[in-house]
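**Q** File name start.tsv; file contents TSV, C-alpha atoms; full text below.
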chain	number	residue	atom	x	y	z
S	113	MET	CA	192.56	48.66	331.66
S	114	LYS	CA	191.15	47.14	328.47
S	115	LYS	CA	191.49	49.05	325.23
S	116	PHE	CA	188.61	48.87	322.82
S	117	ARG	CA	186.67	50.66	320.19
S	118	ILE	CA	182.92	50.95	320.36
S	119	ALA	CA	180.25	51.34	317.74
S	120	SER	CA	177.05	53.33	317.91
S	121	LEU	CA	174.22	51.41	319.54
S	122	ALA	CA	170.98	50.57	317.84
S	123	ALA	CA	168.65	53.54	317.71
S	124	VAL	CA	165.38	53.42	319.56
S	125	ALA	CA	162.30	55.01	318.02
S	126	ALA	CA	160.76	56.39	321.19
S	127	ALA	CA	157.62	57.58	319.46
S	128	SER	CA	156.72	54.08	318.35
S	129	LEU	CA	158.31	52.49	321.42
S	130	VAL	CA	160.12	49.96	319.26
S	131	LEU	CA	163.77	49.11	319.67
S	132	ALA	CA	165.03	49.66	316.14
S	133	GLY	CA	167.85	49.05	313.77
S	134	CYS	CA	171.19	47.33	313.75
S	135	ALA	CA	174.48	48.98	314.59
S	136	ALA	CA	176.66	49.65	311.60
S	137	ASP	CA	179.85	48.91	313.51
S	138	THR	CA	180.63	46.28	316.09
S	139	ALA	CA	181.79	46.98	319.63
S	140	THR	CA	185.00	45.01	320.05
S	141	GLU	CA	188.28	44.82	321.85
S	142	GLU	CA	191.40	43.71	320.02
S	143	THR	CA	193.44	40.77	321.33
S	144	SER	CA	196.38	38.96	319.82
S	145	THR	CA	196.99	35.23	319.39
S	146	ALA	CA	200.40	34.20	320.65
S	147	ALA	CA	200.90	31.52	318.00
S	148	ALA	CA	200.19	33.45	314.83
S	149	GLY	CA	200.57	37.04	315.99
S	150	GLU	CA	197.20	37.83	314.50
S	151	THR	CA	194.69	40.24	315.95
S	152	VAL	CA	191.18	38.97	316.48
S	153	ALA	CA	188.05	40.84	317.45
S	154	GLU	CA	186.53	39.85	320.77
S	155	ALA	CA	183.11	41.20	321.62
S	156	LEU	CA	182.80	43.29	324.74
S	157	ARG	CA	180.68	41.65	327.43
S	158	ALA	CA	177.67	43.34	328.97
S	159	CYS	CA	176.63	41.50	332.12
S	160	VAL	CA	173.03	41.90	333.26
S	161	ILE	CA	171.29	40.51	336.35
S	162	LEU	CA	167.49	40.58	336.54
S	163	PRO	CA	165.77	40.09	339.92
S	164	ASP	CA	162.92	37.65	339.39
S	165	ALA	CA	160.82	35.77	336.88
S	166	ASP	CA	157.53	35.79	338.77
S	167	ALA	CA	154.39	35.62	336.65
S	168	GLY	CA	153.21	39.05	335.64
S	169	THR	CA	156.52	40.84	336.06
S	170	ARG	CA	158.12	42.72	333.22
S	171	TRP	CA	161.66	41.37	333.31
S	172	GLU	CA	161.52	38.18	331.25
S	173	PRO	CA	158.85	39.09	328.67
S	174	GLY	CA	159.94	42.72	328.31
S	175	ASP	CA	163.35	43.91	329.42
S	176	ARG	CA	165.35	40.74	328.71
S	177	PRO	CA	164.57	40.46	324.98
S	178	ALA	CA	164.79	44.24	324.46
S	179	LEU	CA	168.17	44.46	326.20
S	180	GLU	CA	169.47	41.39	324.39
S	181	THR	CA	168.36	42.76	321.02
S	182	GLY	CA	169.95	46.14	321.61
S	183	LEU	CA	173.20	44.81	323.04
S	184	THR	CA	173.79	42.10	320.45
S	185	ALA	CA	172.82	44.42	317.59
S	186	ALA	CA	175.64	46.70	318.77
S	187	GLY	CA	178.09	43.82	318.73
S	188	TYR	CA	178.21	43.06	322.44
S	189	GLU	CA	178.17	39.65	324.01
S	190	ALA	CA	175.10	39.88	326.25
S	191	ASP	CA	175.19	37.79	329.42
S	192	ILE	CA	171.70	38.22	330.88
S	193	GLN	CA	170.72	36.08	333.86
S	194	ASN	CA	167.89	36.03	336.39
S	195	ALA	CA	168.34	35.69	340.17
S	196	GLN	CA	164.91	34.05	340.51
S	197	SER	CA	164.06	36.00	343.70
S	198	ASP	CA	167.10	34.57	345.49
S	199	THR	CA	169.79	36.83	346.96
S	200	ALA	CA	172.28	33.95	347.19
S	201	LYS	CA	171.75	33.13	343.52
S	202	TYR	CA	172.16	36.83	342.71
S	203	ALA	CA	175.63	36.77	344.30
S	204	THR	CA	176.57	33.49	342.61
S	205	ILE	CA	175.59	34.79	339.17
S	206	ALA	CA	177.61	37.96	339.71
S	207	GLU	CA	180.68	36.04	340.83
S	208	ALA	CA	180.56	33.86	337.72
S	209	GLN	CA	180.03	36.83	335.42
S	210	LEU	CA	182.88	38.83	336.92
S	211	THR	CA	185.18	35.80	336.81
S	212	LYS	CA	184.47	35.36	333.11
S	213	GLY	CA	184.84	39.10	332.59
S	214	CYS	CA	182.46	42.02	332.20
S	215	ASP	CA	183.10	45.36	330.51
S	216	VAL	CA	179.98	46.83	332.09
S	217	MET	CA	177.33	45.55	334.51
S	218	LEU	CA	173.65	46.43	334.43
S	219	LEU	CA	172.00	45.40	337.69
S	220	VAL	CA	168.38	45.32	338.83
S	221	ASP	CA	168.60	45.13	342.61
S	222	TYR	CA	166.87	42.41	344.59
S	223	GLN	CA	166.50	42.96	348.35
S	224	GLY	CA	169.80	44.81	348.57
S	225	ALA	CA	171.89	42.12	346.84
S	226	GLY	CA	173.05	44.58	344.20
S	227	ALA	CA	175.17	46.66	346.59
S	228	ALA	CA	177.72	43.91	347.29
S	229	VAL	CA	177.92	43.10	343.58
S	230	ALA	CA	178.43	46.76	342.70
S	231	GLU	CA	181.27	46.96	345.21
S	232	LYS	CA	183.02	43.91	343.72
S	233	ALA	CA	182.49	45.13	340.18
S	234	LYS	CA	183.93	48.56	340.88
S	235	ALA	CA	186.91	47.01	342.67
S	236	ALA	CA	187.55	45.11	339.43
S	237	GLY	CA	187.26	48.29	337.39
S	238	VAL	CA	183.86	47.40	335.94
S	239	PRO	CA	181.38	50.30	335.69
S	240	VAL	CA	177.95	49.62	337.18
S	241	ILE	CA	174.57	50.89	336.04
S	242	ALA	CA	171.69	50.47	338.50
S	243	TYR	CA	168.65	49.70	336.37
S	244	ASP	CA	165.14	50.50	337.58
S	245	ARG	CA	166.08	50.29	341.28
S	246	PRO	CA	168.81	52.35	342.99
S	247	ILE	CA	171.91	50.54	344.23
S	248	ALA	CA	174.41	52.03	346.67
S	249	GLY	CA	177.79	52.43	344.98
S	250	ALA	CA	176.51	52.30	341.39
S	251	ASP	CA	178.03	54.72	338.88
S	252	TYR	CA	174.69	55.60	337.32
S	253	TYR	CA	171.01	54.99	337.94
S	254	VAL	CA	168.47	54.78	335.12
S	255	SER	CA	164.77	54.50	335.83
S	256	PHE	CA	161.48	56.22	335.44
S	257	ASP	CA	161.13	59.26	337.68
S	258	ASN	CA	159.99	57.43	340.79
S	259	PHE	CA	158.84	60.48	342.72
S	260	THR	CA	156.67	61.47	339.76
S	261	VAL	CA	155.30	57.90	339.56
S	262	GLY	CA	154.17	58.28	343.16
S	263	ALA	CA	152.80	61.76	342.56
S	264	LEU	CA	150.66	60.37	339.73
S	265	GLN	CA	149.39	57.65	342.07
S	266	GLY	CA	148.52	60.23	344.72
S	267	GLN	CA	146.70	62.28	342.08
S	268	MET	CA	144.65	59.20	341.13
S	269	ILE	CA	143.39	58.99	344.71
S	270	VAL	CA	142.59	62.71	344.91
S	271	ASP	CA	140.85	62.77	341.51
S	272	GLY	CA	138.97	59.57	342.26
S	273	LEU	CA	137.67	60.90	345.56
S	274	VAL	CA	136.62	64.22	344.04
S	275	ALA	CA	134.83	62.37	341.23
S	276	ALA	CA	132.99	60.37	343.90
S	277	GLY	CA	131.96	63.59	345.64
S	278	LYS	CA	134.23	63.05	348.64
S	279	ASP	CA	136.63	65.47	350.28
S	280	PRO	CA	140.17	64.01	350.39
S	281	ALA	CA	140.73	65.84	353.70
S	282	THR	CA	138.03	63.82	355.44
S	283	ALA	CA	138.10	60.60	353.40
S	284	SER	CA	139.11	57.28	354.96
S	285	ILE	CA	142.17	56.31	352.92
S	286	ILE	CA	144.28	53.18	353.38
S	287	TYR	CA	147.94	53.85	352.53
S	288	SER	CA	150.17	51.03	351.28
S	289	SER	CA	153.63	50.91	349.74
S	290	GLY	CA	156.20	48.60	348.19
S	291	ASP	CA	158.86	46.57	349.94
S	292	PRO	CA	161.04	48.91	352.01
S	293	SER	CA	164.17	47.01	350.89
S	294	ASP	CA	163.50	48.35	347.38
S	295	GLY	CA	164.87	51.89	347.16
S	296	ASN	CA	162.13	52.84	344.71
S	297	ALA	CA	159.36	52.13	347.20
S	298	ALA	CA	160.16	55.13	349.39
S	299	MET	CA	160.33	57.42	346.35
S	300	PHE	CA	156.94	56.18	345.12
S	301	PHE	CA	155.43	56.69	348.56
S	302	ASP	CA	157.00	60.14	349.04
S	303	GLY	CA	155.69	61.26	345.67
S	304	ALA	CA	152.18	60.06	346.45
S	305	LYS	CA	152.26	61.58	349.90
S	306	SER	CA	153.31	64.97	348.50
S	307	VAL	CA	150.07	65.14	346.51
S	308	LEU	CA	147.88	63.67	349.23
S	309	ASP	CA	149.33	66.02	351.86
S	310	ALA	CA	148.67	69.01	349.61
S	311	ALA	CA	145.05	67.88	349.33
S	312	GLY	CA	144.76	67.69	353.13
S	313	ALA	CA	144.51	63.89	353.13
S	314	SER	CA	145.84	61.65	355.89
S	315	PRO	CA	145.88	57.87	356.28
S	316	ALA	CA	143.14	56.10	358.18
S	317	PHE	CA	145.54	53.15	358.28
S	318	THR	CA	149.05	52.53	356.87
S	319	MET	CA	149.89	49.00	355.76
S	320	GLU	CA	153.25	47.28	355.96
S	321	GLY	CA	155.18	47.65	352.70
S	322	THR	CA	155.45	44.69	350.32
S	323	TRP	CA	155.63	43.77	346.64
S	324	ASP	CA	154.07	40.37	347.32
S	325	GLY	CA	150.54	40.54	345.94
S	326	ALA	CA	149.18	37.74	348.12
S	327	LYS	CA	150.69	39.31	351.22
S	328	ALA	CA	149.23	42.67	350.23
S	329	GLY	CA	145.78	41.06	350.18
S	330	THR	CA	146.27	39.66	353.68
S	331	LEU	CA	147.56	42.99	354.97
S	332	PHE	CA	144.62	44.79	353.41
S	333	GLU	CA	142.15	42.44	355.07
S	334	GLN	CA	143.72	43.41	358.38
S	335	ALA	CA	143.55	47.10	357.48
S	336	PHE	CA	139.94	46.73	356.37
S	337	THR	CA	139.05	45.22	359.75
S	338	ALA	CA	141.03	47.89	361.61
S	339	VAL	CA	138.97	50.69	360.03
S	340	GLY	CA	135.70	48.84	360.44
S	341	GLY	CA	135.18	48.51	356.72
S	342	ASN	CA	135.10	52.29	356.29
S	343	VAL	CA	137.27	52.66	353.17
S	344	ASP	CA	136.95	55.51	350.68
S	345	ALA	CA	140.17	54.92	348.71
S	346	VAL	CA	143.34	52.81	348.72
S	347	LEU	CA	146.81	54.01	347.78
S	348	ALA	CA	148.31	50.87	346.20
S	349	PRO	CA	151.92	50.91	344.92
S	350	ASN	CA	151.45	48.73	341.84
S	351	ASP	CA	148.88	46.77	339.84
S	352	ASN	CA	149.81	43.44	341.40
S	353	ASN	CA	149.10	44.66	344.94
S	354	ALA	CA	146.06	46.55	343.72
S	355	ALA	CA	144.57	43.35	342.26
S	356	SER	CA	144.71	41.60	345.64
S	357	ILE	CA	143.28	44.64	347.37
S	358	ILE	CA	140.48	44.91	344.83
S	359	SER	CA	139.56	41.26	345.37
S	360	ILE	CA	138.94	42.06	349.05
S	361	LEU	CA	136.93	45.14	348.14
S	362	ASP	CA	134.88	43.03	345.72
S	363	LYS	CA	134.08	40.51	348.44
S	364	ASN	CA	132.77	43.37	350.56
S	365	GLY	CA	130.76	44.96	347.76
S	366	LEU	CA	132.91	48.09	347.56
S	367	THR	CA	134.29	49.99	344.58
S	368	VAL	CA	136.60	52.84	345.56
S	369	PRO	CA	139.54	54.65	343.92
S	370	VAL	CA	142.64	52.44	343.94
S	371	SER	CA	145.99	53.44	342.43
S	372	GLY	CA	148.56	51.29	340.64
S	373	GLN	CA	151.48	51.15	338.25
S	374	ASP	CA	153.02	48.95	335.53
S	375	ALA	CA	150.05	48.91	333.10
S	376	SER	CA	149.82	45.14	333.53
S	377	THR	CA	147.03	43.20	331.84
S	378	ALA	CA	145.21	42.70	335.15
S	379	GLY	CA	145.76	46.33	336.08
S	380	LEU	CA	144.44	47.64	332.77
S	381	GLN	CA	141.42	45.36	333.06
S	382	ASN	CA	140.66	46.71	336.53
S	383	VAL	CA	141.04	50.24	335.20
S	384	LEU	CA	138.60	49.52	332.36
S	385	LEU	CA	136.14	47.98	334.82
S	386	GLY	CA	136.30	51.03	337.09
S	387	LYS	CA	137.74	49.04	339.98
S	388	GLN	CA	141.11	50.80	339.76
S	389	TYR	CA	141.22	54.53	339.07
S	390	GLY	CA	144.36	54.34	336.97
S	391	THR	CA	147.82	52.87	336.48
S	392	VAL	CA	151.20	54.41	335.76
S	393	TYR	CA	152.46	53.32	332.36
S	394	LYS	CA	156.24	52.92	332.06
S	395	PRO	CA	157.22	51.67	328.57
S	396	PHE	CA	160.29	49.53	329.24
S	397	GLN	CA	161.70	50.29	325.78
S	398	LEU	CA	162.37	53.86	326.87
S	399	GLN	CA	164.35	52.59	329.84
S	400	VAL	CA	166.26	50.12	327.67
S	401	ALA	CA	167.08	52.92	325.22
S	402	ALA	CA	168.40	55.12	328.02
S	403	ALA	CA	170.50	52.26	329.41
S	404	LEU	CA	172.03	51.55	326.00
S	405	LYS	CA	172.99	55.20	325.62
S	406	ILE	CA	174.67	55.14	329.04
S	407	ILE	CA	176.64	52.03	328.09
S	408	GLU	CA	177.79	53.66	324.87
S	409	ALA	CA	178.89	56.80	326.71
S	410	ILE	CA	180.72	54.92	329.46
S	411	LEU	CA	182.65	52.65	327.15
S	412	SER	CA	183.56	55.42	324.73
S	413	GLY	CA	184.83	57.64	327.52
S	414	GLU	CA	182.17	60.26	327.02
S	415	THR	CA	180.27	62.14	329.71
S	416	VAL	CA	176.90	60.75	330.71
S	417	THR	CA	174.33	63.50	331.01
S	418	ALA	CA	171.94	62.99	333.93
S	419	ASN	CA	168.84	65.09	334.51
S	420	LYS	CA	168.62	64.30	338.22
S	421	THR	CA	170.82	63.22	341.13
S	422	LEU	CA	169.95	60.80	343.92
S	423	ASP	CA	170.42	61.88	347.53
S	424	ASP	CA	173.72	59.96	347.67
S	425	GLY	CA	175.04	61.84	344.64
S	426	THR	CA	174.50	59.11	342.05
S	427	PRO	CA	173.71	60.56	338.61
S	428	PHE	CA	170.08	59.68	337.84
S	429	ILE	CA	168.81	59.44	334.28
S	430	ALA	CA	165.08	59.87	334.95
S	431	ILE	CA	162.40	59.03	332.40
S	432	ASP	CA	158.91	60.51	332.48
S	433	PRO	CA	156.10	58.07	333.38
S	434	ILE	CA	152.59	58.25	331.89
S	435	ILE	CA	149.31	58.19	333.81
S	436	THR	CA	146.74	55.86	332.25
S	437	THR	CA	143.06	56.04	333.09
S	438	ALA	CA	140.27	54.11	331.34
S	439	GLU	CA	140.14	56.59	328.46
S	440	LEU	CA	143.84	56.07	327.77
S	441	VAL	CA	144.09	52.27	327.87
S	442	LYS	CA	143.69	52.22	324.09
S	443	ASP	CA	146.99	54.14	323.83
S	444	VAL	CA	148.84	51.36	325.68
S	445	VAL	CA	147.36	48.86	323.22
S	446	ALA	CA	148.34	51.08	320.29
S	447	ASP	CA	151.92	51.10	321.64
S	448	GLY	CA	151.97	47.32	321.55
S	449	GLN	CA	152.33	46.98	325.31
S	450	ALA	CA	149.00	45.16	325.66
S	451	THR	CA	146.59	43.47	323.28
S	452	ALA	CA	142.85	43.74	323.01
S	453	ALA	CA	142.73	39.93	322.84
S	454	ASP	CA	144.27	39.68	326.29
S	455	LEU	CA	142.38	42.59	327.82
S	456	CYS	CA	138.92	42.13	326.39
S	457	THR	CA	137.83	38.91	328.04
S	458	PRO	CA	134.05	38.35	328.29
S	459	GLU	CA	133.93	40.20	331.63
S	460	VAL	CA	135.76	43.21	330.17
S	461	ALA	CA	134.41	43.21	326.60
S	462	ALA	CA	131.72	45.82	327.22
S	463	ALA	CA	134.21	48.17	328.89
S	464	CYS	CA	136.62	47.68	325.98
S	465	ALA	CA	133.88	48.72	323.58
S	466	THR	CA	133.05	51.76	325.70
S	467	TYR	CA	136.67	52.96	325.77
S	468	GLY	CA	137.61	52.06	322.20
S	469	VAL	CA	140.01	49.23	323.00
S	470	GLU	CA	140.26	47.11	319.89
Mind turning this structure into structure tokens?

**A**
Amino acid sequence: MKKFRIASLAAVAAASLVLAGCAADTATEETSTAAAGETVAEALRACVILPDADAGTRWEPGDRPALETGLTAAGYEADIQNAQSDTAKYATIAEAQLTKGCDVMLLVDYQGAGAAVAEKAKAAGVPVIAYDRPIAGADYYVSFDNFTVGALQGQMIVDGLVAAGKDPATASIIYSSGDPSDGNAAMFFDGAKSVLDAAGASPAFTMEGTWDGAKAGTLFEQAFTAVGGNVDAVLAPNDNNAASIISILDKNGLTVPVSGQDASTAGLQNVLLGKQYGTVYKPFQLQVAAALKIIEAILSGETVTANKTLDDGTPFIAIDPIITTAELVKDVVADGQATAADLCTPEVAAACATYGVE
């Protein structure tokens, strides 16, 4: 077992959503050189695997630099790599990282690839944090409260239907969800369904689950045909899928409540234009801050305090998500998570003015 001392991690100012500061001490482990008998400080290694670098995802523009800043500011050697939507590459990256040596692993699962890596890491005595997506065998899971994310999405559909003068109990609602291989997808869907069930709603059609936006569009076209074009609302699991669904609705001259999450530029634009009822805003800095605190606790031998537990017993550090409707888009911009320049294109400029996005 390696012996080391660890410094306090960089503080995160949650109110301003900015990863802040530099650690006063450096996280190190002491090793000796055989020739001179000297002790030298070797930085502890934090190994991170991200799942994909697809356009519009959060990992490369958001989580990577925030994690790297926080880890290196605390004196860690940060080894952050991206599996590029390839399970084989995921395994290869993990093998190389573990061979070189990791003091902790932070994994974002991709189509179940994280479970085998977690098993190997734990066999090597390396603690594993499942980040954003649950992974069987991980020591801890840190993410936004996925059930609550779904509940907010379900509430968007209910509120949108009521605002349109329609009864959720009799409305024709298309249900869709994320890829079933992603453990979060079921939690999102269960949360949404809890709200929709309470409102007496039921699906007119349930689509196959996917995170592929283009595929979601194709699946929605099939659903649209299956219900004869009678669509009052669409439960969409994220902004990317919602955008493809909205494009089909646009072609058919329909504007109905559609849910989403991620507060992406396209999603926020659709919210401002009234084509998407809302999005769930999940500031990644809050998740990074929580992950850094877990790393500090693990490596200093302290107890990690979790506010929830997954069904398999994994301690779950759950962060509260934020619902964002058109009136609240300006708050996302104020947080620095979107810019008026990106959002307020000519098509959206009037809506930006209406909702104070500047």

**Q** Around the point (184.0, 44.3, 343.2) in the file's coordinates, collect all residues with an atom within 12 Å, using only C-alpha atoms, and return them as a ChimeraX atom specification.

**A** /S:203,206-207,209-211,213-214,217,226-240,249-250

**Q** Which residue gives the smallest distance to S:Gly266 among S:Gly372, S:Trp171, S:Ala354, S:Glu333, with only C-alpha atoms counted?

**A**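 Using only C-alpha atoms, S:Gly266 sits closest to S:Gly372.
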
**Q** As an exercise, work out the distance from atom CA of S:Gln399 to atom CA of S:Asp175 in Å and give it to one decimal place.

**A**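 These two atoms are separated by 8.7 Å.
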
**Q** Just want the 8 Å neighbourhood of stretch 325-327 of chain S, counted on only C-alpha atoms, with same-chain residues fewer than 4 positions away dropped. Output as a list in words.

**A** Leu331, Asn352, Asn353, Ala354, Ala355 and Ser356 of chain S

**Q** Keeping only C-alpha atoms, write the selected residues to a file as an mmCIF file, keeping the file's coordinate frame.

**A**
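Here's the written file again-v4.cif:
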data_model
loop_
_atom_site.group_PDB
_atom_site.id
_atom_site.type_symbol
_atom_site.label_atom_id
_atom_site.label_comp_id
_atom_site.auth_asym_id
_atom_site.auth_seq_id
_atom_site.Cartn_x
_atom_site.Cartn_y
_atom_site.Cartn_z
ATOM 1 C CA LEU S 331 147.560 42.990 354.970
ATOM 2 C CA ASN S 352 149.810 43.440 341.400
ATOM 3 C CA ASN S 353 149.100 44.660 344.940
ATOM 4 C CA ALA S 354 146.060 46.550 343.720
ATOM 5 C CA ALA S 355 144.570 43.350 342.260
ATOM 6 C CA SER S 356 144.710 41.600 345.640
#

**Q** Please indicate the distance in Å from atom CA of S:Val469 to atom CA of S:Asn258, rounded to one decimal place.

**A**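 Going from atom CA of S:Val469 over to atom CA of S:Asn258 covers 28.0 Å.
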
**Q** I'd like the interatomic distance between atom CA of S:Pro395 and atom CA of S:Lys305, to a tenth of an Å.

**A**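 Separation of atom CA of S:Pro395 and atom CA of S:Lys305: 24.0 Å.
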
**Q** Could you check the closest approach to S:Asn419 for each of S:Val216, S:Ala225, S:Val254, S:Ile360 and tell me which residue wins, using all atoms listed in the file?

**A**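 Among S:Val216, S:Ala225, S:Val254, S:Ile360, it is S:Val254 that comes nearest to S:Asn419.
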
**Q** Quick one: of S:Ala375, S:Ala463, S:Val368, S:Leu347, who's nearest to S:Ile434, counting only C-alpha atoms?

**A**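 Of all the options, S:Ala375 lies closest to S:Ile434.
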
**Q** Choose the residue, out of S:Lys212, S:Asp221, S:Leu183, S:Val261, that has the smallest atom-to-atom separation from S:Thr199; count all atoms listed in the file.

**A**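 Looking at the shortest contact to S:Thr199, the residue is S:Asp221.
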
**Q** Let me make sure I understand: among S:Thr337, S:Thr367, S:Gln449, S:Thr426, which one has the smallest atom-to-atom distance to S:Leu380 if we use all atoms listed in the file?

**A**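 Going through S:Thr337, S:Thr367, S:Gln449, S:Thr426 one by one, the smallest distance to S:Leu380 is for S:Gln449.
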